[in-house]
Amino acid sequence: MAEVVPIVGSVRGFRWWRLSGSGELLSPWRGPVCWRPGGNEASCLARRGMFGWKMARAPHPLGCPATGCECGFYALHSLPEMNDGLDRAIWDIDTATSGGRHGLVLGVAAGYGRVLIGTEGWRARFGKILALFAGPTVTSHTREMGVAAAAYGVPLYRDLEAIVSEWGPDRAVVADLTA
Amino acid sequence: MNIGRIVREVEVLPDTEIEPLPMSEPAPEPLPEPVHAPV
């Protein structure tokens, strides 16, 4: 990798959160880590212990995220795609089901601080929720999504194209970063 | 999530961290005590 490139602003990406049941948004697969309104700082949760996720055995000299670890706040350059194949990943979920019975919510996050740019997404030290998307199906989570959006001070979209065009990552910036 | 092969490391400085410059204008002088002419 070349030298660290400074950028002013933020990188943006798509990701899922899990609704807590009380209007809070959690990292869905590690933690549970509760996101706060505004900036959130990631900590290393590389290992699964008996009582939950723990940081890597060796501390990271440059902090989180570390290249040799899996830590940091994650997001994708593009919308997650539904995948029914054997190589399906847990985040390959139909975006139309956001806010559905599984309790996961799709949205856009900003990443800043130290950020590792990958070909498909990024891992950042700091993350902030920018916007949320509710799919067309009304479920018991729909009202909670409204509560969450208000609590986090972010817009809640019912139109996927609108959230992508208004909050999604700039395609030219992504092309530059991943070139 | 799998972010693919890491191709770059960046340091992103949020633009909200840029503080406005402090005001250079000096504080106004206090007004002088009113002078009352003898009646």
# chains A, B, ... in the order shown; residues from 1 in each chain; ligands from 1
>>> residues_around(residues="stretch 64-67 of chain A", least_positions_apart="2", cutoff="12 Å", atoms="only C-alpha atoms", output="PyMOL selection string")
(chain A and resi 1+41-46+55-56+58-62+69-74+111-118+122-127) or (chain B and resi 3+5-11)
>>> write_last_selection(atoms="N, CA and C atoms", output="short mmCIF file (atom, residue, chain, number, x, y, z; two decimals), in the first residue's frame")
data_model
loop_
_atom_site.label_atom_id
_atom_site.label_comp_id
_atom_site.auth_asym_id
_atom_site.auth_seq_id
_atom_site.Cartn_x
_atom_site.Cartn_y
_atom_site.Cartn_z
N MET A 1 0.83 -1.19 0.00
CA MET A 1 0.00 0.00 0.00
C MET A 1 0.87 1.25 0.00
N GLU A 41 -16.66 6.08 17.96
CA GLU A 41 -15.30 5.58 17.77
C GLU A 41 -15.28 4.06 17.90
N ALA A 42 -14.69 3.42 16.91
CA ALA A 42 -14.64 1.95 16.91
C ALA A 42 -13.55 1.46 17.87
N SER A 43 -13.79 0.30 18.43
CA SER A 43 -12.74 -0.37 19.19
C SER A 43 -12.58 -1.76 18.59
N CYS A 44 -11.43 -2.34 18.85
CA CYS A 44 -11.14 -3.63 18.24
C CYS A 44 -11.96 -4.73 18.92
N LEU A 45 -12.75 -5.45 18.13
CA LEU A 45 -13.51 -6.59 18.63
C LEU A 45 -13.19 -7.78 17.74
N ALA A 46 -11.93 -8.19 17.77
CA ALA A 46 -11.46 -9.17 16.80
C ALA A 46 -11.74 -10.61 17.21
N MET A 55 -10.91 -7.52 22.19
CA MET A 55 -9.92 -6.98 21.27
C MET A 55 -8.83 -8.01 20.95
N ALA A 56 -8.10 -7.75 19.88
CA ALA A 56 -7.03 -8.65 19.45
C ALA A 56 -5.98 -8.78 20.56
N ALA A 58 -2.74 -8.72 20.38
CA ALA A 58 -1.69 -7.70 20.26
C ALA A 58 -2.34 -6.35 19.96
N PRO A 59 -2.00 -5.31 20.77
CA PRO A 59 -2.59 -4.00 20.48
C PRO A 59 -2.12 -3.47 19.13
N HIS A 60 -2.96 -2.70 18.48
CA HIS A 60 -2.61 -2.16 17.17
C HIS A 60 -1.80 -0.88 17.35
N PRO A 61 -0.58 -0.83 16.82
CA PRO A 61 0.27 0.37 17.02
C PRO A 61 -0.39 1.65 16.51
N LEU A 62 -1.15 1.55 15.43
CA LEU A 62 -1.79 2.75 14.87
C LEU A 62 -3.26 2.82 15.26
N CYS A 69 -6.11 -6.92 11.00
CA CYS A 69 -7.21 -7.28 11.89
C CYS A 69 -8.53 -7.12 11.11
N GLU A 70 -9.63 -7.25 11.82
CA GLU A 70 -10.94 -7.09 11.18
C GLU A 70 -11.72 -5.95 11.81
N CYS A 71 -11.03 -5.11 12.61
CA CYS A 71 -11.76 -4.13 13.41
C CYS A 71 -12.10 -2.88 12.61
N GLY A 72 -12.95 -2.05 13.21
CA GLY A 72 -13.38 -0.80 12.58
C GLY A 72 -14.84 -0.85 12.21
N PHE A 73 -15.39 0.30 11.91
CA PHE A 73 -16.76 0.38 11.40
C PHE A 73 -16.74 0.10 9.91
N TYR A 74 -17.63 -0.77 9.48
CA TYR A 74 -17.66 -1.23 8.09
C TYR A 74 -18.77 -0.55 7.29
N GLY A 111 -17.62 7.60 7.27
CA GLY A 111 -16.44 7.13 7.98
C GLY A 111 -15.38 8.19 7.96
N TYR A 112 -14.67 8.35 9.07
CA TYR A 112 -13.58 9.32 9.07
C TYR A 112 -12.53 8.90 10.10
N GLY A 113 -11.46 9.72 10.17
CA GLY A 113 -10.29 9.28 10.93
C GLY A 113 -9.49 8.34 10.04
N ARG A 114 -8.86 7.37 10.66
CA ARG A 114 -8.11 6.38 9.87
C ARG A 114 -9.11 5.47 9.15
N VAL A 115 -8.98 5.37 7.84
CA VAL A 115 -9.91 4.56 7.05
C VAL A 115 -9.12 3.67 6.10
N LEU A 116 -9.43 2.39 6.12
CA LEU A 116 -8.84 1.45 5.16
C LEU A 116 -9.84 1.26 4.03
N ILE A 117 -9.41 1.58 2.82
CA ILE A 117 -10.29 1.49 1.66
C ILE A 117 -10.08 0.14 0.99
N GLY A 118 -11.16 -0.61 0.84
CA GLY A 118 -11.11 -1.88 0.15
C GLY A 118 -11.78 -1.78 -1.21
N TRP A 122 -15.20 -0.07 3.03
CA TRP A 122 -14.15 0.49 3.87
C TRP A 122 -14.37 0.12 5.34
N ARG A 123 -13.27 0.29 6.10
CA ARG A 123 -13.30 0.15 7.57
C ARG A 123 -12.74 1.43 8.15
N ALA A 124 -13.43 2.03 9.11
CA ALA A 124 -13.02 3.32 9.62
C ALA A 124 -12.94 3.32 11.15
N ARG A 125 -12.15 4.28 11.64
CA ARG A 125 -12.05 4.43 13.10
C ARG A 125 -13.29 5.12 13.67
N PHE A 126 -13.80 6.11 12.94
CA PHE A 126 -14.98 6.82 13.41
C PHE A 126 -16.12 6.62 12.41
N GLY A 127 -17.32 6.50 12.92
CA GLY A 127 -18.47 6.33 12.05
C GLY A 127 -19.64 7.16 12.54
N ILE B 3 -14.93 -6.17 2.88
CA ILE B 3 -14.70 -4.95 2.09
C ILE B 3 -13.75 -5.21 0.93
N ARG B 5 -10.29 -6.51 -1.12
CA ARG B 5 -8.84 -6.31 -0.93
C ARG B 5 -8.57 -4.85 -0.56
N ILE B 6 -7.80 -4.63 0.50
CA ILE B 6 -7.49 -3.26 0.91
C ILE B 6 -6.48 -2.65 -0.07
N VAL B 7 -6.86 -1.53 -0.63
CA VAL B 7 -6.03 -0.92 -1.67
C VAL B 7 -5.43 0.41 -1.23
N ARG B 8 -5.94 0.98 -0.17
CA ARG B 8 -5.48 2.31 0.21
C ARG B 8 -5.81 2.57 1.67
N GLU B 9 -4.95 3.40 2.27
CA GLU B 9 -5.23 3.85 3.62
C GLU B 9 -5.32 5.36 3.57
N VAL B 10 -6.38 5.91 4.14
CA VAL B 10 -6.55 7.36 4.11
C VAL B 10 -6.80 7.87 5.53
N GLU B 11 -6.47 9.12 5.74
CA GLU B 11 -6.78 9.80 6.99
C GLU B 11 -7.80 10.86 6.65
#
>>> residues_around(residues="stretch 155-168 of chain A", least_positions_apart="4", cutoff="10 Å", atoms="only C-alpha atoms", output="PyMOL selection string")
chain A and resi 11-14+77-79+95-96+98+106-110+129-137+145-150
>>> closest_residue(among="A:Lys128, A:His102, A:Arg171, A:Arg18", to="chain B", atoms="only C-alpha atoms")
A:Lys128
>>> select_by_dssp(residues="stretch 1-158 of chain A", states="alpha helix (DSSP H)", output="mmCIF file with N, CA and C atoms, in the first residue's frame")
data_model
loop_
_atom_site.group_PDB
_atom_site.id
_atom_site.type_symbol
_atom_site.label_atom_id
_atom_site.label_comp_id
_atom_site.auth_asym_id
_atom_site.auth_seq_id
_atom_site.Cartn_x
_atom_site.Cartn_y
_atom_site.Cartn_z
ATOM 1 N N THR A 142 -41.512 -0.817 11.840
ATOM 2 C CA THR A 142 -41.611 0.428 11.087
ATOM 3 C C THR A 142 -41.691 1.640 12.014
ATOM 4 N N ARG A 143 -42.510 1.540 13.047
ATOM 5 C CA ARG A 143 -42.633 2.660 13.972
ATOM 6 C C ARG A 143 -41.313 2.903 14.701
ATOM 7 N N GLU A 144 -40.655 1.812 15.078
ATOM 8 C CA GLU A 144 -39.376 1.951 15.793
ATOM 9 C C GLU A 144 -38.331 2.626 14.903
ATOM 10 N N MET A 145 -38.403 2.377 13.597
ATOM 11 C CA MET A 145 -37.460 3.028 12.693
ATOM 12 C C MET A 145 -37.664 4.536 12.706
ATOM 13 N N GLY A 146 -38.920 4.963 12.762
ATOM 14 C CA GLY A 146 -39.199 6.393 12.852
ATOM 15 C C GLY A 146 -38.649 6.983 14.138
ATOM 16 N N VAL A 147 -38.825 6.234 15.222
ATOM 17 C CA VAL A 147 -38.296 6.687 16.518
ATOM 18 C C VAL A 147 -36.771 6.786 16.450
ATOM 19 N N ALA A 148 -36.138 5.778 15.833
ATOM 20 C CA ALA A 148 -34.679 5.766 15.733
ATOM 21 C C ALA A 148 -34.183 6.935 14.884
ATOM 22 N N ALA A 149 -34.836 7.144 13.737
ATOM 23 C CA ALA A 149 -34.395 8.231 12.860
ATOM 24 C C ALA A 149 -34.477 9.568 13.591
ATOM 25 N N ALA A 150 -35.549 9.763 14.349
ATOM 26 C CA ALA A 150 -35.691 11.021 15.093
ATOM 27 C C ALA A 150 -34.628 11.118 16.183
ATOM 28 N N ALA A 151 -34.386 10.012 16.875
ATOM 29 C CA ALA A 151 -33.397 10.029 17.967
ATOM 30 C C ALA A 151 -31.988 10.298 17.449
ATOM 31 N N TYR A 152 -31.693 9.792 16.262
ATOM 32 C CA TYR A 152 -30.357 9.990 15.692
ATOM 33 C C TYR A 152 -30.276 11.270 14.859
#
>>> residues_around(residues="B:Gly4", least_positions_apart="5", cutoff="8 Å", atoms="only C-alpha atoms", output="NGL selection string")
:A and (118-121)
>>> write_last_selection(atoms="C-alpha atoms", output="short mmCIF file (atom, residue, chain, number, x, y, z; two decimals), in the first residue's frame")
data_model
loop_
_atom_site.label_atom_id
_atom_site.label_comp_id
_atom_site.auth_asym_id
_atom_site.auth_seq_id
_atom_site.Cartn_x
_atom_site.Cartn_y
_atom_site.Cartn_z
CA GLY A 118 -11.11 -1.88 0.15
CA THR A 119 -12.28 -2.81 -3.32
CA GLU A 120 -15.82 -3.36 -1.98
CA GLY A 121 -16.04 -1.01 0.98
#
